[in-house]
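**Q** Okay, here's the structure, questions in a sec.
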Amino acid sequence: MLGLLETGPRHGYDLKRVYDERFGQDRPLAYGQVYSTLSRLLRNGLVEESGVEPGGGPERKRYAITDAGVTDVSEWLVTPESPQTYLQSAMYTKVVLALMSGRDANEVLDAQRTAHLKSMRELTSRKQGGDLTDQLICDHALFHLEADLRWLELTAARLSELGGQFTG
Amino acid sequence: MAERDDDTLLVGSELRKSFGPTPALDGAGLMVRRGEIVAVMGPSGSGKSTLLHCLAGIVAPDSGTVTFDGQDLAAMRDRDRSALRRGAFGFVFQFGQLVPELSCVENVALPMRLGGTRRKQAEAKALEWMARLEVDHLGGKRPGEVSGGQAQRVAIARALVTEPKVVFADEPTGALDSFNGEQVMRLLVDSARETGASVVLVTHEARVAAYSDREVVVRDGRTRQVELVS
């Protein structure tokens, strides 16, 4: 939200609208969250009040980013996100439990593959009808799903070897 | 295998094919409806390319049948089967498919020329298709003078120039980076949808398969349907 204020002062409703448009995807921002975040930013000196839009009321107050806020955004942007290691995976747990209990792990892999392919088809169709930012976010999701599928394929190829480890 | 209905265009049943002692296909089957895009997936060596070659009449199966629009390919005369491949089928492969000695426009016009269309008419149609695939400016260049992505677009134009009923695409993005692969898939799918052509798309990439209406997985020479489109 702070980053969005760098493009110019906005009131709470406007912030929510721009956030949802750009980043909300399937999870729009709650109004309560907008105002609680703005109060926190105000308290920390990262934003300041910058007039009231005609119509009055607390929700029409406009907020502007401060110099300290700009520095905060710059630092946040160049701080890398921690790469996710995916070492805690429900898919892995299900495959191992299927093998430990003597069930057919292929069924686990097949069900997951079907679900993944379905999601990938939906995302591809959304991407085809969307603009460039839609493509960007859908591609991000598609590459991650594809990575899962490659793992499913590799695991399927290793099943007989793996089965021996758990039953032998 | 999916249920046959009035829209059924291509059916391969109980296909078996061995190269030496190794069975490449071991009872595989596939049904494709008119205008449907079906992805054939599977690990390397699973038999997916052999399945495509059998369905396209390039390779004769040891047993099993392939019918196109109700006609059994094995029962056709060689000449008729060749004419069918030239007119009703289009092909896009991973690489090495364009004739290096011919210009790009001559390559695209080739299936029409082989079918007896006059040069001027065939090249005009070829340029029309090249424009749709945004490569008409490359008409005079040889395949060796264009990039991989551009060559693949030229190949798609060639596959579609006769407005075939089925396009067989074997790893069409296999030699391309993600960006070019994406562009090629969009153009292939959009063009096929526009002309109502069915596509049999062999790929090991899930992102490519996600452009299809449904997937079929080939494993050890056998097919398994993953999901029917709703």
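Chain lettering (A, B, ...) mirrors the order of the structure tokens, residue numbering begins at 1 for each chain separately, and ligand numbering begins at 1 in order of display.
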Could you pull out the residues in range 18-158 of chain A that DSSP calls alpha helix (DSSP H) from the backbone, as an MDAnalysis selection string?
**A** chainID A and resid 18:19 31:43 67:78 90:100 105:129 132:158
**Q** Extract, using only C-alpha atoms, all DNA, RNA and protein residues at most 12 Å from range 147-162 of chain A, discarding same-chain residues fewer than 6 positions from it, and format them as a ChimeraX atom specification.
**A** /A:86,89-92,94-100,102-120,140-141,168 /B:41-44,46,204-207,209-210,217,219-220
**Q** Distance CA of Leu176 in chain B-CA of Arg153 in chain B, one decimal place?
**A**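 Calculated distance between CA of Leu176 in chain B and CA of Arg153 in chain B is 11.4 Å.
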**Q** Running DSSP on the backbone, which parts of range 29-94 of chain A land in strand (DSSP E), as an MDAnalysis selection string?
**A** chainID A and resid 47:52 61:65
